[in-house]
>>> print(open('final.cif').read())   # mmCIF, C-alpha atoms
data_query
#
loop_
_atom_site.label_atom_id
_atom_site.label_comp_id
_atom_site.auth_asym_id
_atom_site.auth_seq_id
_atom_site.Cartn_x
_atom_site.Cartn_y
_atom_site.Cartn_z
CA MET A 1 23.03 -65.07 3.41
CA LYS A 2 23.79 -64.22 -0.22
CA GLU A 3 21.13 -64.29 -2.92
CA PHE A 4 21.56 -66.28 -6.13
CA ARG A 5 19.07 -65.21 -8.81
CA ILE A 6 18.34 -67.48 -11.75
CA CYS A 7 16.28 -66.62 -14.82
CA PHE A 8 14.80 -69.57 -16.74
CA VAL A 9 13.69 -69.05 -20.33
CA ALA A 10 11.04 -71.02 -22.26
CA GLY A 11 9.97 -70.04 -25.74
CA ALA A 12 8.34 -72.99 -27.50
CA ARG A 13 6.61 -76.15 -26.33
CA PRO A 14 9.72 -78.42 -26.39
CA ASN A 15 11.35 -75.94 -23.98
CA PHE A 16 8.69 -76.49 -21.33
CA MET A 17 9.55 -80.19 -20.94
CA LYS A 18 13.19 -79.24 -20.39
CA VAL A 19 12.62 -76.34 -17.99
CA ALA A 20 10.20 -78.24 -15.73
CA PRO A 21 12.66 -80.79 -14.23
CA ILE A 22 15.42 -78.17 -13.82
CA MET A 23 13.16 -75.85 -11.84
CA ARG A 24 11.92 -78.77 -9.76
CA ALA A 25 15.48 -79.91 -9.04
CA PHE A 26 16.43 -76.43 -7.83
CA ASP A 27 13.50 -76.56 -5.40
CA ASP A 28 14.50 -80.04 -4.23
CA LEU A 29 18.17 -79.09 -3.73
CA ALA A 30 17.64 -75.65 -2.21
CA SER A 31 18.94 -76.92 1.15
CA ALA A 32 22.30 -77.73 -0.45
CA ALA A 33 22.59 -74.09 -1.46
CA ASN A 34 21.46 -72.95 1.98
CA ASP A 35 24.33 -74.94 3.48
CA LYS A 36 26.65 -72.73 1.42
CA GLY A 37 24.94 -69.61 2.71
CA ILE A 38 23.08 -69.07 -0.54
CA GLN A 39 19.38 -68.33 -1.01
CA ILE A 40 18.16 -69.28 -4.50
CA ASN A 41 15.43 -67.19 -6.14
CA THR A 42 14.08 -68.01 -9.57
CA VAL A 43 12.33 -66.06 -12.34
CA LEU A 44 10.50 -67.80 -15.18
CA VAL A 45 10.23 -66.03 -18.54
CA HIS A 46 7.95 -67.23 -21.33
CA THR A 47 8.97 -65.38 -24.47
CA GLY A 48 5.70 -66.13 -26.23
CA GLN A 49 7.43 -67.57 -29.29
CA HIS A 50 4.68 -70.18 -29.21
CA TYR A 51 1.78 -67.85 -28.50
CA ASP A 52 -1.19 -70.13 -29.25
CA GLY A 53 -2.74 -71.41 -26.02
CA LYS A 54 -2.89 -74.91 -27.50
CA MET A 55 0.85 -74.72 -28.16
CA SER A 56 1.99 -73.38 -24.79
CA GLU A 57 -0.37 -72.75 -21.87
CA ILE A 58 -1.63 -76.34 -21.81
CA PHE A 59 1.98 -77.50 -21.36
CA PHE A 60 2.43 -75.37 -18.25
CA GLU A 61 -0.69 -76.96 -16.82
CA ASP A 62 0.27 -80.54 -17.76
CA LEU A 63 3.83 -80.26 -16.45
CA GLY A 64 2.97 -78.47 -13.23
CA ILE A 65 5.08 -75.44 -14.11
CA ARG A 66 4.12 -72.29 -12.24
CA LYS A 67 2.69 -69.33 -14.10
CA PRO A 68 5.53 -67.41 -15.78
CA ASP A 69 6.70 -64.27 -14.03
CA TYR A 70 6.99 -62.63 -17.44
CA ASN A 71 5.32 -63.35 -20.78
CA LEU A 72 7.10 -61.33 -23.44
CA GLY A 73 4.38 -62.01 -26.02
CA VAL A 74 6.69 -61.74 -29.02
CA GLY A 75 4.48 -63.87 -31.29
CA SER A 76 5.33 -64.85 -34.83
CA GLY A 77 7.49 -63.18 -37.45
CA SER A 78 10.60 -63.78 -39.50
CA HIS A 79 13.64 -65.16 -37.70
CA ALA A 80 15.18 -61.70 -37.53
CA VAL A 81 11.99 -60.04 -36.29
CA GLN A 82 11.28 -62.72 -33.70
CA THR A 83 14.86 -62.81 -32.42
CA GLY A 84 15.04 -59.02 -32.27
CA ARG A 85 11.77 -58.71 -30.38
CA VAL A 86 12.88 -61.28 -27.81
CA MET A 87 16.19 -59.48 -27.26
CA ILE A 88 14.52 -56.10 -26.79
CA GLU A 89 11.94 -57.40 -24.31
CA PHE A 90 14.29 -59.76 -22.48
CA GLU A 91 16.78 -56.96 -21.87
CA LYS A 92 14.07 -55.17 -19.88
CA VAL A 93 13.57 -58.27 -17.74
CA LEU A 94 17.28 -58.58 -17.03
CA GLU A 95 17.51 -54.92 -16.11
CA ALA A 96 14.61 -55.32 -13.66
CA GLU A 97 15.56 -58.70 -12.16
CA LYS A 98 19.37 -58.58 -12.29
CA PRO A 99 19.89 -62.36 -12.30
CA ASN A 100 23.28 -63.96 -11.75
CA LEU A 101 22.53 -66.75 -14.23
CA VAL A 102 20.27 -67.25 -17.24
CA VAL A 103 19.29 -70.84 -18.09
CA VAL A 104 18.27 -71.48 -21.71
CA VAL A 105 17.18 -74.77 -23.25
CA GLY A 106 17.01 -76.27 -26.72
CA ASP A 107 17.59 -74.51 -30.03
CA VAL A 108 14.73 -72.13 -30.81
CA ASN A 109 15.05 -68.42 -31.58
CA SER A 110 14.35 -67.56 -27.95
CA THR A 111 17.35 -69.65 -26.91
CA VAL A 112 19.89 -67.70 -28.93
CA ALA A 113 18.19 -64.34 -28.40
CA CYS A 114 18.19 -64.59 -24.61
CA SER A 115 21.73 -65.99 -24.53
CA LEU A 116 23.07 -63.09 -26.58
CA THR A 117 21.25 -60.54 -24.47
CA ALA A 118 22.49 -62.02 -21.20
CA VAL A 119 26.12 -62.37 -22.30
CA LYS A 120 26.26 -58.79 -23.55
CA MET A 121 25.03 -57.67 -20.13
CA GLY A 122 27.72 -59.68 -18.36
CA ILE A 123 25.38 -62.38 -17.06
CA TRP A 124 26.41 -66.04 -16.98
CA VAL A 125 24.54 -68.44 -19.27
CA ALA A 126 23.85 -72.17 -18.93
CA HIS A 127 22.70 -74.04 -22.04
CA ILE A 128 20.70 -77.22 -21.49
CA GLU A 129 20.91 -79.64 -24.46
CA ALA A 130 24.24 -78.33 -25.73
CA GLY A 131 26.44 -79.86 -28.42
CA LEU A 132 23.78 -81.34 -30.69
CA ARG A 133 24.65 -80.88 -34.36
CA SER A 134 22.93 -81.80 -37.61
CA PHE A 135 25.77 -80.15 -39.60
CA ASP A 136 23.08 -78.63 -41.79
CA ARG A 137 23.41 -74.84 -41.76
CA SER A 138 20.17 -74.48 -43.73
CA MET A 139 18.34 -75.36 -40.50
CA PRO A 140 17.75 -72.23 -38.39
CA GLU A 141 18.01 -74.40 -35.28
CA GLU A 142 21.57 -75.38 -36.20
CA ILE A 143 22.65 -71.75 -36.28
CA ASN A 144 20.96 -71.20 -32.92
CA ARG A 145 22.78 -74.19 -31.41
CA VAL A 146 26.23 -73.18 -32.62
CA ILE A 147 25.92 -69.56 -31.51
CA THR A 148 24.42 -70.39 -28.12
CA ASP A 149 27.10 -72.98 -27.36
CA SER A 150 29.90 -70.62 -28.37
CA ILE A 151 28.87 -67.97 -25.84
CA SER A 152 27.53 -70.05 -22.93
CA ASP A 153 29.47 -70.58 -19.71
CA PHE A 154 27.97 -73.97 -18.82
CA LEU A 155 27.22 -76.51 -21.54
CA PHE A 156 25.10 -79.46 -20.42
CA VAL A 157 25.23 -82.31 -22.93
CA THR A 158 22.58 -84.99 -23.52
CA GLU A 159 24.54 -87.54 -25.55
CA GLU A 160 28.17 -88.39 -26.21
CA SER A 161 28.17 -86.95 -29.74
CA GLY A 162 27.71 -83.55 -28.11
CA LEU A 163 31.00 -83.89 -26.24
CA GLU A 164 32.89 -84.56 -29.46
CA ASN A 165 31.13 -81.74 -31.32
CA LEU A 166 31.91 -79.11 -28.68
CA ARG A 167 35.54 -80.17 -28.37
CA ASN A 168 35.92 -80.06 -32.16
CA GLU A 169 34.65 -76.49 -32.04
CA GLY A 170 37.31 -75.53 -29.52
CA ILE A 171 35.12 -75.31 -26.42
CA GLN A 172 37.15 -75.75 -23.23
CA ASP A 173 36.54 -78.98 -21.32
CA GLU A 174 35.85 -77.12 -18.07
CA ARG A 175 32.70 -75.63 -19.65
CA ILE A 176 31.31 -78.99 -20.83
CA PHE A 177 29.30 -81.40 -18.66
CA PHE A 178 27.78 -84.71 -19.80
CA THR A 179 24.69 -84.90 -17.61
CA GLY A 180 22.06 -86.79 -19.62
CA ASN A 181 18.71 -85.75 -21.04
CA VAL A 182 16.20 -83.67 -19.08
CA MET A 183 13.51 -84.56 -21.65
CA ILE A 184 13.77 -88.11 -20.36
CA ASP A 185 13.50 -86.85 -16.77
CA THR A 186 10.14 -85.36 -17.70
CA LEU A 187 9.06 -88.45 -19.61
CA MET A 188 9.89 -90.85 -16.77
CA ALA A 189 8.28 -88.70 -14.10
CA ASN A 190 5.07 -88.36 -16.09
CA LEU A 191 4.93 -92.02 -17.10
CA LYS A 192 4.96 -92.85 -13.40
CA ARG A 193 2.29 -90.23 -12.73
CA MET A 194 0.23 -91.55 -15.63
CA GLN A 195 0.32 -95.08 -14.22
CA THR A 196 -0.43 -94.13 -10.62
CA GLU A 197 -3.28 -91.79 -11.55
CA GLY A 198 -4.78 -94.04 -14.22
CA TYR A 199 -4.54 -91.17 -16.67
CA GLN A 200 -7.18 -90.83 -19.37
CA PRO A 201 -6.64 -88.48 -22.35
CA LYS A 202 -8.40 -85.14 -22.36
CA GLU A 203 -8.71 -84.94 -26.14
CA LYS A 204 -12.03 -86.61 -26.99
CA ARG A 205 -10.97 -87.61 -30.49
CA ILE A 206 -8.29 -89.98 -29.14
CA GLN A 207 -10.25 -91.39 -26.19
CA HIS A 208 -11.56 -94.21 -28.37
CA LEU A 209 -7.99 -95.56 -28.56
CA ILE A 210 -8.01 -96.64 -24.90
CA GLY A 211 -7.02 -100.31 -24.84
CA ALA A 212 -5.90 -100.19 -28.47
CA GLU A 213 -2.13 -100.09 -27.96
CA GLY A 214 -0.14 -101.01 -31.05
CA SER A 215 -3.08 -100.50 -33.41
CA TYR A 216 -2.36 -96.98 -34.63
CA ALA A 217 0.44 -94.68 -35.76
CA VAL A 218 1.20 -91.10 -34.66
CA LEU A 219 2.30 -88.32 -37.02
CA THR A 220 3.87 -84.94 -36.27
CA LEU A 221 4.99 -82.64 -39.05
CA HIS A 222 5.94 -78.98 -38.84
CA ARG A 223 9.39 -78.16 -40.24
CA PRO A 224 9.34 -75.48 -42.97
CA SER A 225 11.51 -77.64 -45.23
CA ASN A 226 8.77 -80.29 -45.15
CA VAL A 227 5.55 -78.28 -45.12
CA ASP A 228 6.28 -75.03 -46.96
CA HIS A 229 7.07 -76.56 -50.37
CA VAL A 230 4.13 -78.00 -52.25
CA GLY A 231 6.09 -80.81 -53.93
CA VAL A 232 7.73 -82.02 -50.72
CA LEU A 233 4.53 -81.88 -48.68
CA GLN A 234 2.59 -83.60 -51.45
CA GLY A 235 4.99 -86.54 -51.40
CA ILE A 236 4.99 -86.84 -47.60
CA TRP A 237 1.23 -86.50 -47.38
CA GLY A 238 0.75 -89.11 -50.07
CA ALA A 239 3.02 -91.54 -48.21
CA VAL A 240 1.25 -90.95 -44.90
CA SER A 241 -2.14 -91.41 -46.55
CA ARG A 242 -1.03 -94.78 -47.94
CA ILE A 243 0.26 -95.86 -44.53
CA ALA A 244 -3.14 -94.82 -43.11
CA ASN A 245 -4.75 -97.43 -45.38
CA GLN A 246 -3.03 -100.05 -43.21
CA LEU A 247 -3.71 -98.57 -39.77
CA PRO A 248 -5.14 -95.31 -38.40
CA VAL A 249 -2.71 -92.37 -38.31
CA ILE A 250 -3.39 -89.85 -35.55
CA PHE A 251 -2.10 -86.38 -36.42
CA PRO A 252 -2.04 -83.63 -33.75
CA ILE A 253 -1.59 -80.90 -36.30
CA HIS A 254 0.70 -77.91 -35.93
CA PRO A 255 -1.02 -74.62 -36.92
CA ARG A 256 1.64 -73.96 -39.56
CA THR A 257 1.03 -77.33 -41.20
CA LEU A 258 -2.74 -76.90 -41.14
CA VAL A 259 -2.41 -73.61 -43.02
CA LYS A 260 -0.22 -75.24 -45.68
CA LEU A 261 -2.47 -78.29 -46.13
CA LYS A 262 -5.42 -75.97 -46.73
CA GLU A 263 -3.40 -73.70 -49.01
CA PHE A 264 -2.23 -76.61 -51.17
CA GLY A 265 -5.59 -78.39 -51.06
CA PHE A 266 -4.30 -81.65 -49.54
CA ARG A 267 -6.71 -83.82 -47.56
CA SER A 268 -7.14 -87.41 -46.47
CA ASP A 269 -10.11 -89.26 -45.03
CA LYS A 270 -7.77 -91.80 -43.48
CA VAL A 271 -5.53 -89.47 -41.43
CA ILE A 272 -7.24 -88.46 -38.18
CA MET A 273 -6.34 -84.83 -37.56
CA VAL A 274 -6.75 -83.35 -34.08
CA ASP A 275 -5.87 -79.96 -32.64
CA PRO A 276 -2.50 -79.60 -30.86
CA ILE A 277 -2.65 -81.57 -27.61
CA GLY A 278 -0.95 -81.25 -24.24
CA TYR A 279 2.12 -83.10 -23.07
CA MET A 280 0.24 -85.78 -21.13
CA ASP A 281 -2.11 -86.60 -24.00
CA MET A 282 0.83 -86.75 -26.41
CA LEU A 283 2.80 -89.04 -24.11
CA TRP A 284 -0.25 -91.27 -23.70
CA LEU A 285 -0.66 -91.38 -27.48
CA VAL A 286 3.00 -92.08 -28.30
CA LYS A 287 3.56 -94.78 -25.68
CA GLY A 288 0.73 -96.83 -27.18
CA ALA A 289 1.63 -96.35 -30.85
CA ALA A 290 2.82 -99.06 -33.21
CA LEU A 291 4.83 -96.42 -35.04
CA VAL A 292 5.66 -92.71 -34.85
CA ILE A 293 6.33 -90.66 -38.00
CA THR A 294 7.89 -87.29 -37.27
CA ASP A 295 10.22 -84.45 -38.20
CA SER A 296 10.56 -83.42 -34.55
CA GLY A 297 13.77 -83.63 -32.56
CA GLY A 298 12.26 -84.41 -29.18
CA LEU A 299 10.12 -87.29 -30.42
CA GLN A 300 13.22 -89.05 -31.71
CA GLU A 301 14.44 -89.09 -28.11
CA GLU A 302 11.11 -89.94 -26.50
CA THR A 303 10.43 -92.88 -28.82
CA THR A 304 13.93 -94.19 -28.13
CA ALA A 305 13.26 -94.03 -24.38
CA LEU A 306 9.86 -95.70 -24.82
CA GLY A 307 11.09 -98.35 -27.28
CA ILE A 308 8.60 -97.22 -29.94
CA PRO A 309 9.67 -97.46 -33.63
CA CYS A 310 10.21 -94.01 -35.13
CA ILE A 311 10.52 -92.84 -38.73
CA THR A 312 12.16 -89.42 -38.99
CA ILE A 313 11.26 -87.53 -42.17
CA ARG A 314 14.48 -85.54 -42.46
CA GLU A 315 17.78 -85.82 -44.29
CA ASN A 316 19.81 -85.50 -41.08
CA THR A 317 19.47 -85.55 -37.33
CA GLU A 318 21.26 -83.74 -34.52
CA ARG A 319 20.45 -86.71 -32.26
CA PRO A 320 22.56 -89.56 -33.70
CA VAL A 321 22.32 -91.65 -30.54
CA THR A 322 18.68 -92.33 -31.42
CA LEU A 323 19.91 -94.03 -34.61
CA GLN A 324 22.92 -95.76 -33.05
CA LEU A 325 21.25 -97.07 -29.88
CA GLY A 326 17.59 -96.18 -30.20
CA THR A 327 14.57 -97.05 -32.30
CA ASN A 328 14.85 -94.22 -34.81
CA ARG A 329 15.22 -94.55 -38.59
CA LEU A 330 16.21 -91.58 -40.72
CA VAL A 331 14.46 -91.81 -44.09
CA GLY A 332 14.46 -88.39 -45.76
CA THR A 333 11.39 -87.29 -47.71
CA ASP A 334 11.20 -89.87 -50.50
CA PRO A 335 7.61 -91.21 -50.35
CA GLU A 336 8.52 -94.74 -51.38
CA ILE A 337 11.23 -95.02 -48.71
CA ILE A 338 8.81 -93.72 -46.08
CA ILE A 339 6.17 -96.26 -47.12
CA GLN A 340 8.61 -99.18 -47.33
CA THR A 341 10.14 -98.38 -43.93
CA ALA A 342 6.68 -98.28 -42.37
CA LYS A 343 5.81 -101.62 -44.00
CA ASP A 344 9.01 -103.18 -42.66
CA ILE A 345 8.31 -101.95 -39.12
CA LEU A 346 4.67 -102.99 -39.15
CA GLY A 347 5.76 -106.33 -40.61
CA GLY A 348 7.87 -107.04 -37.55
CA SER A 349 11.35 -105.82 -38.47
CA SER A 350 11.43 -102.88 -36.05
CA GLN A 351 14.77 -101.89 -34.61
CA VAL A 352 15.41 -103.06 -31.04
CA GLY A 353 16.71 -100.08 -29.11
CA ASN A 354 18.68 -99.54 -25.92
CA MET A 355 18.56 -96.64 -23.49
CA PRO A 356 21.45 -94.21 -24.12
CA PRO A 357 23.91 -93.49 -21.28
CA LEU A 358 22.62 -91.25 -18.46
CA TRP A 359 19.06 -91.21 -19.78
CA ASP A 360 17.98 -92.31 -16.32
CA GLY A 361 15.63 -89.58 -15.15
CA ARG A 362 18.29 -87.80 -13.05
CA ALA A 363 19.83 -85.35 -15.53
CA ALA A 364 18.27 -82.29 -13.89
CA GLU A 365 19.61 -83.32 -10.52
CA ARG A 366 23.14 -83.58 -11.93
CA ILE A 367 22.83 -80.20 -13.67
CA VAL A 368 21.62 -78.41 -10.56
CA LYS A 369 24.34 -79.93 -8.37
CA ILE A 370 26.99 -78.64 -10.80
CA LEU A 371 25.48 -75.16 -10.81
CA ILE A 372 25.22 -75.06 -7.02
CA GLU A 373 28.87 -76.10 -6.76
CA ASN A 374 29.76 -73.08 -8.92
CA VAL A 375 27.47 -70.54 -7.30
CA MET A 376 30.21 -68.64 -5.49
CA GLU A 377 32.19 -68.15 -8.69
CA ILE A 378 29.08 -66.92 -10.55
CA ILE A 379 28.01 -64.34 -7.97
CA GLN A 380 31.45 -62.81 -7.40
#
>>> encode(input="final.cif", output="structure tokens")
Amino acid sequence: MKEFRICFVAGARPNFMKVAPIMRAFDDLASAANDKGIQINTVLVHTGQHYDGKMSEIFFEDLGIRKPDYNLGVGSGSHAVQTGRVMIEFEKVLEAEKPNLVVVVGDVNSTVACSLTAVKMGIWVAHIEAGLRSFDRSMPEEINRVITDSISDFLFVTEESGLENLRNEGIQDERIFFTGNVMIDTLMANLKRMQTEGYQPKEKRIQHLIGAEGSYAVLTLHRPSNVDHVGVLQGIWGAVSRIANQLPVIFPIHPRTLVKLKEFGFRSDKVIMVDPIGYMDMLWLVKGAALVITDSGGLQEETTALGIPCITIRENTERPVTLQLGTNRLVGTDPEIIIQTAKDILGGSSQVGNMPPLWDGRAAERIVKILIENVMEIIQ
């Protein structure tokens, strides 16, 4: 029996939700590989890009992901420093483990760093969540997406815009697979778990919201373009504070944003700030919200799947299906537009969304079946 070695990479908390269903699907479909005379062995690498326990370890626990085989511990730093550190440390892992395939997810620095390292060592790369484009090269994530897609061997696409984007960039059709969204796999699986277990939030400061669905809003805010510039953050924070006069705004605060709020001296008695929370608590919070205000990518998708109105505080989005079919509204950073959009939604004019194609909770299964079908070519 031949051995097929796969290395999974997670770097930041959105990655964990995407890695979990893929690893689970490989376990579930191991017999299909055995029928081909293949034994699958997996290695999980946590690069440590999110190094705060509240930003990473709690997600492994919530999602039932096993302890990583390697934690590279790269920590913070500039984009160049962080990317360089990941490449140096990940090369050592690849030399020790000699995988046939590296699976990367999302668009963080760890994604591009590990892809580059693997490709230069002659190792196949699969990119989960390929083809998303904001067409804004000022976003570091956009550079990471474009580079990773250009060098990956398997490109697994979450929405139809990704197919068009990759083809426009000259990627061959045989490398592109429209398989759906593994984030939604994780969401659906944990919604079911939440219902069957009667889940109660661990974070004490949100426990009082039990039974209060639709009576609060949720805020997430972390992008440098929104929080690093005093004028921009002042406008956003002022808008959020005014919305909080109408209903409570729960804000699981990113460490970066907390530093900036303190540095600029912004505060609000109306916005309820809590430490970063785990996946299950965040899902519990979002599914009961009247409104979500965010600059995150993943929350645009999750609110669409849950049918929760979402205001995205950005000038562009790499997830256009959430605007076309979902519940997302793209508003930029103008405080008055943010406030007016929130008023419209809370006044009853929220956008009725539909579930995008293949967001059915089976994306990971489709991805793994494709990879198993190609095992023999990869290990030659």
>>> residues_near_point(input="final.cif", point="(12.1, -70.3, -11.7)", cutoff="8 Å", atoms="only C-alpha atoms", output="number ranges by chain")
A: 6-8, 23, 41-44
>>> closest_residue(input="final.cif", among="A:Gly353, A:Ile128, A:Gly11, A:Lys192", to="A:Thr83", atoms="all atoms listed in the file")
A:Gly11
>>> residues_near_point(input="final.cif", point="(-6.5, -101.0, -24.3)", cutoff="12 Å", atoms="only C-alpha atoms", output="PyMOL selection string")
chain A and resi 200+207-216+284-285+287-289
>>> atom_distance(input="final.cif", atom1="atom CA of A:Ile308", atom2="atom CA of A:Lys18")
20.9 Å
>>> closest_atom_pairs(input="final.cif", of="stretch 111-191 of chain A", to="stretch 360-368 of chain A", cutoff="10 Å", atoms="only C-alpha atoms", output="JSON lines")
{"residue": "A:Ala126", "atom": "CA", "partner": "A:Ile367", "partner_atom": "CA", "distance": 9.7}
{"residue": "A:Ile128", "atom": "CA", "partner": "A:Ile367", "partner_atom": "CA", "distance": 8.6}
{"residue": "A:Phe154", "atom": "CA", "partner": "A:Ile367", "partner_atom": "CA", "distance": 9.6}
{"residue": "A:Leu155", "atom": "CA", "partner": "A:Ile367", "partner_atom": "CA", "distance": 9.7}
{"residue": "A:Phe156", "atom": "CA", "partner": "A:Ile367", "partner_atom": "CA", "distance": 7.2}
{"residue": "A:Val157", "atom": "CA", "partner": "A:Ala363", "partner_atom": "CA", "distance": 9.7}
{"residue": "A:Thr158", "atom": "CA", "partner": "A:Ala363", "partner_atom": "CA", "distance": 8.5}
{"residue": "A:Phe177", "atom": "CA", "partner": "A:Ile367", "partner_atom": "CA", "distance": 8.3}
{"residue": "A:Phe178", "atom": "CA", "partner": "A:Ala363", "partner_atom": "CA", "distance": 9.0}
{"residue": "A:Thr179", "atom": "CA", "partner": "A:Ala363", "partner_atom": "CA", "distance": 5.3}
{"residue": "A:Gly180", "atom": "CA", "partner": "A:Ala363", "partner_atom": "CA", "distance": 4.9}
{"residue": "A:Asn181", "atom": "CA", "partner": "A:Ala363", "partner_atom": "CA", "distance": 5.6}
{"residue": "A:Val182", "atom": "CA", "partner": "A:Ala363", "partner_atom": "CA", "distance": 5.3}
{"residue": "A:Met183", "atom": "CA", "partner": "A:Gly361", "partner_atom": "CA", "distance": 8.5}
{"residue": "A:Ile184", "atom": "CA", "partner": "A:Gly361", "partner_atom": "CA", "distance": 5.7}
{"residue": "A:Asp185", "atom": "CA", "partner": "A:Gly361", "partner_atom": "CA", "distance": 3.8}
{"residue": "A:Thr186", "atom": "CA", "partner": "A:Gly361", "partner_atom": "CA", "distance": 7.4}
{"residue": "A:Leu187", "atom": "CA", "partner": "A:Gly361", "partner_atom": "CA", "distance": 8.0}
{"residue": "A:Met188", "atom": "CA", "partner": "A:Gly361", "partner_atom": "CA", "distance": 6.1}
{"residue": "A:Ala189", "atom": "CA", "partner": "A:Gly361", "partner_atom": "CA", "distance": 7.5}
>>> resolve_selection(input="final.cif", expression="the PyMOL selection byres ((chain A and resi 290) around 12)", output="ChimeraX atom specification")
/A:212-219,246-250,285-289,291-293,303,306-311,327,342-343,345-348,350
